[in-house]
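Input: a single structure, listed below in structure tokens.
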Amino acid sequence: MINSYSIEKLLGEIRKPSANPGGGALVIMIANMAVNLIFMMDKKDYGAKNDQANVSRETLNHISGLLTDLADEDIKYATILVDKCIKEKNVDEKYFIDAARPQIKLNTIILEAMKHLGFFLENGKSYTISDGEIANILLKAAIDASLPTIDINLNQTNFKYNIDEVKSEAEKLYEKNLIIIERRKS
């Protein structure tokens, strides 16, 4: 649904007072763009590492598909929650958890993407290292940008999510990737 929008249509929808997609779906789309930006570093031959390249390539393609579906899932559950909040005085916590779940899934998916980004940073085309660096920044930022949606929804529930663990893992992967970037730039 949202993934078939033109940029013009997407921006038009975002600027509406009752934006649909909202911030959650946009964060997922930005993460998906970052995942696809990683492919700018891809090359045809990795020599002895061709098998590893194929695994990383296939995994990132799969991740991109998951994120495509996840953006629509985010819109679906956010819309359901907003409708419930408008129509009912007491909304079951299930709807808040459902609305937070796409962002929680996003974070798990991003961590996996950041691991595979490391392969392309280390072994991919050096002249597109800036694209890999941008992907690294955007993926880490997407985790940070998922927090408001997670917080606002889960604060209405008894559901526990250890965001500090996710942020810590993202920071480690980000720094590890940054070391590779700096080494390859020199």
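All residue names refer to the structure tokens as shown: chains lettered A, B, ... in order, residues numbered from 1 in each chain, ligands numbered from 1 in order.
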> Quick one: residues within 10 Å of Arg57 of chain A, only C-alpha atoms counted, chain neighbours fewer than 6 positions away excluded, as a list in words?
Replying inline: Ile38, Phe39, Asp42, Asp51, Ile63, His116, Leu117, Phe119 and Phe120 of chain A
Write a file of the selected residues as a CSV table (one decimal), in the first residue's frame, keeping C-alpha atoms.
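Saved to result09.csv:
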```
chain,number,residue,atom,x,y,z
A,38,ILE,CA,23.9,-0.9,1.4
A,39,PHE,CA,23.7,-2.4,-2.1
A,42,ASP,CA,27.9,-4.5,-3.6
A,51,ASP,CA,29.3,-17.4,-0.4
A,63,ILE,CA,15.0,-7.8,5.3
A,116,HIS,CA,25.3,-7.6,7.3
A,117,LEU,CA,26.2,-4.0,6.6
A,119,PHE,CA,30.3,-7.3,5.5
A,120,PHE,CA,29.8,-4.8,2.7
```
>> Which residues are near Asn136 of chain A? Cut-off 8 Å, only C-alpha atoms, ignore same chain within fewer than 4 positions. Put them as a list in words.
In response: Ala34, Met114, Leu117, Gly132, Lys140, Tyr174, Asn177 and Leu178 of chain A
> How would you write, as a PyMOL selection string, the set of residues in chain A that DSSP gives as helix (DSSP H, G or I)?
Replying inline: chain A and resi 2-4+7-14+23-41+47-87+93-123+126-154+163-185
Report as CSV the residues of segment 35-104 of chain A within 10 Å of segment 147-169 of chain A, each with its shortest atom pair and distance in Å (one decimal), using only C-alpha atoms, ordered by chain and increasing residue number.
```
residue,atom,partner,partner_atom,distance
A:Ala78,CA,A:Thr149,CA,9.8
A:Leu81,CA,A:Asn153,CA,9.6
A:Val91,CA,A:Gln156,CA,9.4
A:Asp92,CA,A:Thr157,CA,8.8
A:Glu93,CA,A:Thr157,CA,5.4
A:Lys94,CA,A:Thr157,CA,8.1
A:Tyr95,CA,A:Asn153,CA,8.7
A:Phe96,CA,A:Asn153,CA,4.9
A:Ile97,CA,A:Leu154,CA,6.2
A:Asp98,CA,A:Asn153,CA,8.8
A:Ala99,CA,A:Asn153,CA,6.8
A:Ala100,CA,A:Ile150,CA,5.0
A:Arg101,CA,A:Ile150,CA,7.9
A:Pro102,CA,A:Ile150,CA,9.1
A:Gln103,CA,A:Ile150,CA,6.6
A:Ile104,CA,A:Ile150,CA,7.3
```
Could you take the residues named above and write them with N, CA and C atoms, as a PDB file, in the first residue's frame?
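Done, and the output landed in again23.pdb:
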```
ATOM      1  N   ALA A  78      -1.792   1.159  13.849  1.00  0.00           N
ATOM      2  CA  ALA A  78      -1.945   2.532  14.341  1.00  0.00           C
ATOM      3  C   ALA A  78      -3.346   3.045  14.053  1.00  0.00           C
ATOM      4  N   LEU A  81      -5.799   1.444  16.465  1.00  0.00           N
ATOM      5  CA  LEU A  81      -5.676   2.050  17.796  1.00  0.00           C
ATOM      6  C   LEU A  81      -6.342   3.429  17.844  1.00  0.00           C
ATOM      7  N   VAL A  91      -9.624   1.642  26.367  1.00  0.00           N
ATOM      8  CA  VAL A  91      -9.126   0.810  25.279  1.00  0.00           C
ATOM      9  C   VAL A  91      -8.267  -0.297  25.869  1.00  0.00           C
ATOM     10  N   ASP A  92      -8.538  -1.521  25.454  1.00  0.00           N
ATOM     11  CA  ASP A  92      -7.776  -2.687  25.908  1.00  0.00           C
ATOM     12  C   ASP A  92      -6.305  -2.507  25.543  1.00  0.00           C
ATOM     13  N   GLU A  93      -5.416  -2.898  26.453  1.00  0.00           N
ATOM     14  CA  GLU A  93      -3.982  -2.725  26.230  1.00  0.00           C
ATOM     15  C   GLU A  93      -3.481  -3.486  24.999  1.00  0.00           C
ATOM     16  N   LYS A  94      -4.208  -4.488  24.579  1.00  0.00           N
ATOM     17  CA  LYS A  94      -3.844  -5.255  23.382  1.00  0.00           C
ATOM     18  C   LYS A  94      -3.631  -4.332  22.178  1.00  0.00           C
ATOM     19  N   TYR A  95      -4.464  -3.306  22.048  1.00  0.00           N
ATOM     20  CA  TYR A  95      -4.374  -2.416  20.899  1.00  0.00           C
ATOM     21  C   TYR A  95      -3.124  -1.531  20.967  1.00  0.00           C
ATOM     22  N   PHE A  96      -2.725  -1.175  22.175  1.00  0.00           N
ATOM     23  CA  PHE A  96      -1.489  -0.397  22.342  1.00  0.00           C
ATOM     24  C   PHE A  96      -0.272  -1.270  22.031  1.00  0.00           C
ATOM     25  N   ILE A  97      -0.299  -2.507  22.487  1.00  0.00           N
ATOM     26  CA  ILE A  97       0.803  -3.448  22.215  1.00  0.00           C
ATOM     27  C   ILE A  97       0.893  -3.719  20.710  1.00  0.00           C
ATOM     28  N   ASP A  98      -0.255  -3.945  20.087  1.00  0.00           N
ATOM     29  CA  ASP A  98      -0.261  -4.168  18.635  1.00  0.00           C
ATOM     30  C   ASP A  98       0.328  -2.976  17.884  1.00  0.00           C
ATOM     31  N   ALA A  99       0.041  -1.761  18.349  1.00  0.00           N
ATOM     32  CA  ALA A  99       0.554  -0.561  17.685  1.00  0.00           C
ATOM     33  C   ALA A  99       2.056  -0.385  17.900  1.00  0.00           C
ATOM     34  N   ALA A 100       2.586  -0.913  18.995  1.00  0.00           N
ATOM     35  CA  ALA A 100       4.023  -0.823  19.265  1.00  0.00           C
ATOM     36  C   ALA A 100       4.808  -1.944  18.589  1.00  0.00           C
ATOM     37  N   ARG A 101       4.146  -3.052  18.353  1.00  0.00           N
ATOM     38  CA  ARG A 101       4.838  -4.253  17.849  1.00  0.00           C
ATOM     39  C   ARG A 101       5.616  -4.034  16.540  1.00  0.00           C
ATOM     40  N   PRO A 102       5.109  -3.301  15.541  1.00  0.00           N
ATOM     41  CA  PRO A 102       5.916  -3.097  14.327  1.00  0.00           C
ATOM     42  C   PRO A 102       7.248  -2.391  14.614  1.00  0.00           C
ATOM     43  N   GLN A 103       7.245  -1.460  15.563  1.00  0.00           N
ATOM     44  CA  GLN A 103       8.498  -0.771  15.896  1.00  0.00           C
ATOM     45  C   GLN A 103       9.461  -1.703  16.632  1.00  0.00           C
ATOM     46  N   ILE A 104       8.918  -2.572  17.455  1.00  0.00           N
ATOM     47  CA  ILE A 104       9.748  -3.563  18.149  1.00  0.00           C
ATOM     48  C   ILE A 104      10.364  -4.528  17.126  1.00  0.00           C
TER      49      ILE A 104
END
```
>> Here is a test: counting only C-alpha atoms, which residue of A:Asp74, A:Leu121, A:Leu66, A:Asp83 is nearest to Thr108 of chain A?
In response: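 Result for the nearest residue to Thr108 of chain A: A:Leu66.
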> For Asp144 of chain A, which residue among A:Ile7, A:Ala31, A:Leu67, A:Leu60 is the nearest when counting only C-alpha atoms?
Replying inline: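 The closest residue to Asp144 of chain A is A:Ala31.
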>> One number please: atom CA of Ile180 of chain A to atom CA of Thr68 of chain A, in Å, one decimal.
In response: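 Between atom CA of Ile180 of chain A and atom CA of Thr68 of chain A the gap is 28.5 Å.
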>> Counting only C-alpha atoms, which residue out of A:Glu8, A:Lys115, A:Asn20, A:Ile86 sits closest to Lys176 of chain A?
In response: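 Of A:Glu8, A:Lys115, A:Asn20, A:Ile86, the one nearest Lys176 of chain A is A:Lys115, counting only C-alpha atoms.
Closest to Ala170 of chain A among A:Val35, A:Ile30, A:Leu11, A:Ile109 is A:Ile109, based on only C-alpha atoms.
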> When distances are computed from only C-alpha atoms, which of A:Lys105, A:Lys125, A:Lys43, A:Lys16 shows the smallest separation from Glu73 of chain A?
Replying inline: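 Checking each of A:Lys105, A:Lys125, A:Lys43, A:Lys16 against Glu73 of chain A, counting only C-alpha atoms, the winner is A:Lys105.
Non-sequential neighbours of Tyr46 of chain A (distance at most 10 Å, separation of 5 or more positions within a chain, only C-alpha atoms) are Asp51, Gln52, Ala53, Asn54, Asn123 and Gly124 of chain A.
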Convert the current residue selection to file output with N, CA, C and O atoms, as a compact mmCIF listing (two decimals), in the first residue's frame.
```
# COMPACT_ATOMS: atom_id res chain seq x y z
N ASP A 51 30.43 -16.80 -1.13
CA ASP A 51 29.32 -17.44 -0.40
C ASP A 51 28.79 -16.52 0.69
O ASP A 51 27.59 -16.38 0.86
N GLN A 52 29.71 -15.92 1.43
CA GLN A 52 29.30 -14.99 2.49
C GLN A 52 28.58 -13.78 1.89
O GLN A 52 27.59 -13.30 2.44
N ALA A 53 29.05 -13.31 0.75
CA ALA A 53 28.39 -12.17 0.07
C ALA A 53 26.97 -12.55 -0.33
O ALA A 53 26.04 -11.75 -0.15
N ASN A 54 26.82 -13.77 -0.85
CA ASN A 54 25.48 -14.22 -1.25
C ASN A 54 24.54 -14.29 -0.06
O ASN A 54 23.37 -13.90 -0.16
N ASN A 123 34.15 -5.42 2.75
CA ASN A 123 34.53 -6.09 1.51
C ASN A 123 33.98 -5.47 0.23
O ASN A 123 34.37 -5.87 -0.86
N GLY A 124 33.06 -4.53 0.36
CA GLY A 124 32.42 -3.94 -0.82
C GLY A 124 33.28 -2.89 -1.49
O GLY A 124 34.45 -2.68 -1.12
```
